[in-house]
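J.: Once you've had a glance at the structure underneath, I'll fire off some questions.
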Amino acid sequence: MRERVFAAGDTVTQEGAGGAGFFVIESGEAEVSVDGAPRGTIGPGDYFGEIALLTGSDRTATITATTEMLCYGMTPWDFKPLVETNSTIAWKLLMAMAEKLR
């Protein structure tokens, strides 16, 4: 995974834009919005970008850093082999996505 730092106020992902990165937050916080409406905040231990990563679709939300954020990012060509060879990660990801849909 590659280290990425975002400054407060940075748009980390833009809803509707293309993108292939999956990110895990090490430190800092961000606001999540969909169609311009706030959907909550995310912080250390949270992740985002999995839907675009898995489906190749455009981003489903805008993520805006509210503080400086340290994240670790992964591309599809790194992510896919990791999930295919690690059933524990695959299962946790599946459960988390099911929870988001509920």
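Here's how to read the names in the structure tokens: chain A, B, ... by the order shown, residue numbers from 1 in each chain, ligand numbers from 1 in the order shown.
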Give me the residues within 12 Å of Ala96 of chain A as a ChimeraX atom specification, counting only C-alpha atoms and dropping any in the same chain fewer than 4 places off.
T.: /A:46-48,50-51,89-92,100-102
J.: For the selection just defined, write its residues with C-alpha atoms to a file, as a short mmCIF file (atom, residue, chain, number, x, y, z; two decimals), in the first residue's frame.
T.:
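Wrote part-v8.cif, looks like this:
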data_model
loop_
_atom_site.label_atom_id
_atom_site.label_comp_id
_atom_site.auth_asym_id
_atom_site.auth_seq_id
_atom_site.Cartn_x
_atom_site.Cartn_y
_atom_site.Cartn_z
CA ASP A 46 -12.31 3.41 8.20
CA TYR A 47 -11.88 2.82 4.50
CA PHE A 48 -13.38 4.04 1.24
CA GLU A 50 -13.98 -0.28 -2.37
CA ILE A 51 -17.06 0.00 -4.61
CA ILE A 89 -9.96 -10.28 4.07
CA ALA A 90 -12.49 -11.29 1.43
CA TRP A 91 -15.05 -12.31 4.05
CA LYS A 92 -14.62 -9.12 6.10
CA LYS A 100 -23.51 -0.75 4.04
CA LEU A 101 -26.30 -1.97 1.76
CA ARG A 102 -28.55 -2.73 4.71
#
J.: Within 9 Å of segment 3-15 of chain A, counting only C-alpha atoms, which residues show up once you throw out same-chain ones fewer than 2 positions away? Write them as a PDB file with N, CA, C and O atoms, in the first residue's frame, please.
T.:
ATOM      1  N   MET A   1       0.848  -1.181   0.000  1.00  0.00           N
ATOM      2  CA  MET A   1       0.000   0.000   0.000  1.00  0.00           C
ATOM      3  C   MET A   1       0.892   1.242   0.000  1.00  0.00           C
ATOM      4  O   MET A   1       1.956   1.257   0.603  1.00  0.00           O
ATOM      5  N   ALA A  17     -16.780  10.834 -10.440  1.00  0.00           N
ATOM      6  CA  ALA A  17     -15.491  10.800 -11.135  1.00  0.00           C
ATOM      7  C   ALA A  17     -14.956   9.376 -11.178  1.00  0.00           C
ATOM      8  O   ALA A  17     -15.321   8.539 -10.353  1.00  0.00           O
ATOM      9  N   GLY A  18     -14.120   9.112 -12.132  1.00  0.00           N
ATOM     10  CA  GLY A  18     -13.465   7.818 -12.191  1.00  0.00           C
ATOM     11  C   GLY A  18     -12.443   7.706 -11.077  1.00  0.00           C
ATOM     12  O   GLY A  18     -11.997   8.705 -10.517  1.00  0.00           O
ATOM     13  N   GLY A  19     -12.109   6.514 -10.746  1.00  0.00           N
ATOM     14  CA  GLY A  19     -11.101   6.321  -9.716  1.00  0.00           C
ATOM     15  C   GLY A  19     -10.894   4.856  -9.455  1.00  0.00           C
ATOM     16  O   GLY A  19     -11.838   4.069  -9.552  1.00  0.00           O
ATOM     17  N   PHE A  23      -8.709   3.129  -0.140  1.00  0.00           N
ATOM     18  CA  PHE A  23      -7.946   3.785   0.901  1.00  0.00           C
ATOM     19  C   PHE A  23      -8.358   3.338   2.290  1.00  0.00           C
ATOM     20  O   PHE A  23      -9.548   3.154   2.558  1.00  0.00           O
ATOM     21  N   GLY A  28      -6.642  11.211  10.977  1.00  0.00           N
ATOM     22  CA  GLY A  28      -7.396  12.315  10.396  1.00  0.00           C
ATOM     23  C   GLY A  28      -8.843  11.943  10.175  1.00  0.00           C
ATOM     24  O   GLY A  28      -9.267  10.815  10.448  1.00  0.00           O
ATOM     25  N   GLU A  29      -9.610  12.921   9.700  1.00  0.00           N
ATOM     26  CA  GLU A  29     -11.038  12.725   9.469  1.00  0.00           C
ATOM     27  C   GLU A  29     -11.467  13.363   8.158  1.00  0.00           C
ATOM     28  O   GLU A  29     -10.817  14.282   7.663  1.00  0.00           O
ATOM     29  N   ALA A  30     -12.600  12.858   7.641  1.00  0.00           N
ATOM     30  CA  ALA A  30     -13.155  13.392   6.405  1.00  0.00           C
ATOM     31  C   ALA A  30     -14.671  13.342   6.463  1.00  0.00           C
ATOM     32  O   ALA A  30     -15.255  12.537   7.203  1.00  0.00           O
ATOM     33  N   SER A  33     -20.130  12.858   1.508  1.00  0.00           N
ATOM     34  CA  SER A  33     -21.378  13.421   0.993  1.00  0.00           C
ATOM     35  C   SER A  33     -21.785  12.696  -0.284  1.00  0.00           C
ATOM     36  O   SER A  33     -20.947  12.219  -1.045  1.00  0.00           O
ATOM     37  N   VAL A  34     -23.091  12.595  -0.460  1.00  0.00           N
ATOM     38  CA  VAL A  34     -23.674  11.988  -1.661  1.00  0.00           C
ATOM     39  C   VAL A  34     -24.730  12.955  -2.180  1.00  0.00           C
ATOM     40  O   VAL A  34     -25.588  13.407  -1.408  1.00  0.00           O
ATOM     41  N   ASP A  35     -24.668  13.295  -3.446  1.00  0.00           N
ATOM     42  CA  ASP A  35     -25.566  14.285  -4.048  1.00  0.00           C
ATOM     43  C   ASP A  35     -25.555  15.590  -3.268  1.00  0.00           C
ATOM     44  O   ASP A  35     -26.585  16.249  -3.110  1.00  0.00           O
ATOM     45  N   GLY A  49     -13.596   3.700  -1.122  1.00  0.00           N
ATOM     46  CA  GLY A  49     -13.128   3.427  -2.477  1.00  0.00           C
ATOM     47  C   GLY A  49     -13.305   1.989  -2.915  1.00  0.00           C
ATOM     48  O   GLY A  49     -12.974   1.631  -4.042  1.00  0.00           O
ATOM     49  N   ASP A  58     -17.777   4.592 -11.391  1.00  0.00           N
ATOM     50  CA  ASP A  58     -17.377   5.897 -10.895  1.00  0.00           C
ATOM     51  C   ASP A  58     -17.551   5.947  -9.379  1.00  0.00           C
ATOM     52  O   ASP A  58     -18.246   5.113  -8.786  1.00  0.00           O
ATOM     53  N   ARG A  59     -16.951   6.939  -8.757  1.00  0.00           N
ATOM     54  CA  ARG A  59     -17.058   7.124  -7.312  1.00  0.00           C
ATOM     55  C   ARG A  59     -18.513   7.358  -6.916  1.00  0.00           C
ATOM     56  O   ARG A  59     -19.236   8.091  -7.598  1.00  0.00           O
ATOM     57  N   THR A  60     -18.929   6.759  -5.815  1.00  0.00           N
ATOM     58  CA  THR A  60     -20.318   6.874  -5.358  1.00  0.00           C
ATOM     59  C   THR A  60     -20.498   7.963  -4.306  1.00  0.00           C
ATOM     60  O   THR A  60     -21.623   8.247  -3.913  1.00  0.00           O
ATOM     61  N   ALA A  61     -19.413   8.567  -3.843  1.00  0.00           N
ATOM     62  CA  ALA A  61     -19.492   9.618  -2.834  1.00  0.00           C
ATOM     63  C   ALA A  61     -18.308  10.559  -2.980  1.00  0.00           C
ATOM     64  O   ALA A  61     -17.277  10.203  -3.556  1.00  0.00           O
ATOM     65  N   THR A  62     -18.484  11.753  -2.434  1.00  0.00           N
ATOM     66  CA  THR A  62     -17.381  12.701  -2.339  1.00  0.00           C
ATOM     67  C   THR A  62     -16.810  12.605  -0.931  1.00  0.00           C
ATOM     68  O   THR A  62     -17.560  12.596   0.050  1.00  0.00           O
ATOM     69  N   ILE A  63     -15.506  12.497  -0.844  1.00  0.00           N
ATOM     70  CA  ILE A  63     -14.807  12.449   0.442  1.00  0.00           C
ATOM     71  C   ILE A  63     -13.964  13.720   0.525  1.00  0.00           C
ATOM     72  O   ILE A  63     -13.110  13.959  -0.341  1.00  0.00           O
ATOM     73  N   THR A  64     -14.206  14.538   1.556  1.00  0.00           N
ATOM     74  CA  THR A  64     -13.478  15.785   1.744  1.00  0.00           C
ATOM     75  C   THR A  64     -12.777  15.748   3.098  1.00  0.00           C
ATOM     76  O   THR A  64     -13.426  15.573   4.136  1.00  0.00           O
ATOM     77  N   ALA A  65     -11.464  15.905   3.088  1.00  0.00           N
ATOM     78  CA  ALA A  65     -10.691  15.894   4.330  1.00  0.00           C
ATOM     79  C   ALA A  65     -11.086  17.096   5.181  1.00  0.00           C
ATOM     80  O   ALA A  65     -11.113  18.222   4.691  1.00  0.00           O
ATOM     81  N   THR A  66     -11.417  16.854   6.446  1.00  0.00           N
ATOM     82  CA  THR A  66     -11.717  17.946   7.368  1.00  0.00           C
ATOM     83  C   THR A  66     -10.514  18.263   8.246  1.00  0.00           C
ATOM     84  O   THR A  66     -10.462  19.320   8.870  1.00  0.00           O
ATOM     85  N   THR A  67      -9.581  17.349   8.314  1.00  0.00           N
ATOM     86  CA  THR A  67      -8.291  17.552   8.976  1.00  0.00           C
ATOM     87  C   THR A  67      -7.238  16.968   8.042  1.00  0.00           C
ATOM     88  O   THR A  67      -7.584  16.328   7.049  1.00  0.00           O
ATOM     89  N   GLU A  68      -5.973  17.151   8.363  1.00  0.00           N
ATOM     90  CA  GLU A  68      -4.962  16.444   7.587  1.00  0.00           C
ATOM     91  C   GLU A  68      -5.197  14.957   7.762  1.00  0.00           C
ATOM     92  O   GLU A  68      -5.487  14.483   8.864  1.00  0.00           O
ATOM     93  N   MET A  69      -5.112  14.215   6.670  1.00  0.00           N
ATOM     94  CA  MET A  69      -5.354  12.771   6.703  1.00  0.00           C
ATOM     95  C   MET A  69      -4.147  12.016   6.184  1.00  0.00           C
ATOM     96  O   MET A  69      -3.579  12.384   5.155  1.00  0.00           O
ATOM     97  N   LEU A  70      -3.797  10.956   6.896  1.00  0.00           N
ATOM     98  CA  LEU A  70      -2.797  10.011   6.430  1.00  0.00           C
ATOM     99  C   LEU A  70      -3.547   8.746   6.052  1.00  0.00           C
ATOM    100  O   LEU A  70      -4.253   8.166   6.879  1.00  0.00           O
ATOM    101  N   CYS A  71      -3.456   8.363   4.792  1.00  0.00           N
ATOM    102  CA  CYS A  71      -4.149   7.180   4.284  1.00  0.00           C
ATOM    103  C   CYS A  71      -3.147   6.253   3.609  1.00  0.00           C
ATOM    104  O   CYS A  71      -2.062   6.671   3.206  1.00  0.00           O
ATOM    105  N   TYR A  72      -3.559   5.022   3.462  1.00  0.00           N
ATOM    106  CA  TYR A  72      -2.797   4.058   2.682  1.00  0.00           C
ATOM    107  C   TYR A  72      -3.700   3.606   1.551  1.00  0.00           C
ATOM    108  O   TYR A  72      -4.843   3.193   1.777  1.00  0.00           O
ATOM    109  N   GLY A  73      -3.192   3.710   0.323  1.00  0.00           N
ATOM    110  CA  GLY A  73      -3.980   3.395  -0.850  1.00  0.00           C
ATOM    111  C   GLY A  73      -3.484   2.167  -1.575  1.00  0.00           C
ATOM    112  O   GLY A  73      -2.305   1.812  -1.504  1.00  0.00           O
TER     113      GLY A  73
END
J.: What's the separation between atom CA of Pro76 of chain A and atom CA of Leu53 of chain A, in Å to one decimal place?
T.: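 Going from atom CA of Pro76 of chain A over to atom CA of Leu53 of chain A covers 5.9 Å.
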J.: Would you mind reading off the distance between atom CA of Gly40 of chain A and atom CA of Asp78 of chain A, one decimal, in Å?
T.: 28.5 Å
J.: Using DSSP on the backbone coordinates, identify all residues within chain A classified as alpha helix (DSSP H); present the result as a VMD selection string.
T.: chain A and resid 50 to 55 76 to 85 87 to 101
J.: Which residue, A:Ala98, A:Leu54, A:Ser87, A:Ser27, has the smallest gap to Met74 of chain A when you use only C-alpha atoms?
T.: A:Leu54
J.: Suppose you want the space between atom CA of Val24 of chain A and atom CA of Glu84 of chain A; what is it in Å?
T.: 18.8 Å
J.: Looking only at strand (DSSP E or B) from DSSP on the backbone, list the matching residues of chain A as a VMD selection string.
T.: chain A and resid 2 to 6 11 to 13 22 to 27 30 to 34 37 to 42 47 to 48 62 to 65 69 to 74
J.: Neighbouring residues of Thr75 of chain A were defined as those with any atom within 7 Å, considering only C-alpha atoms; residues of the same chain fewer than 6 positions away were excluded. Please report them as a count of residues only.
T.: 3
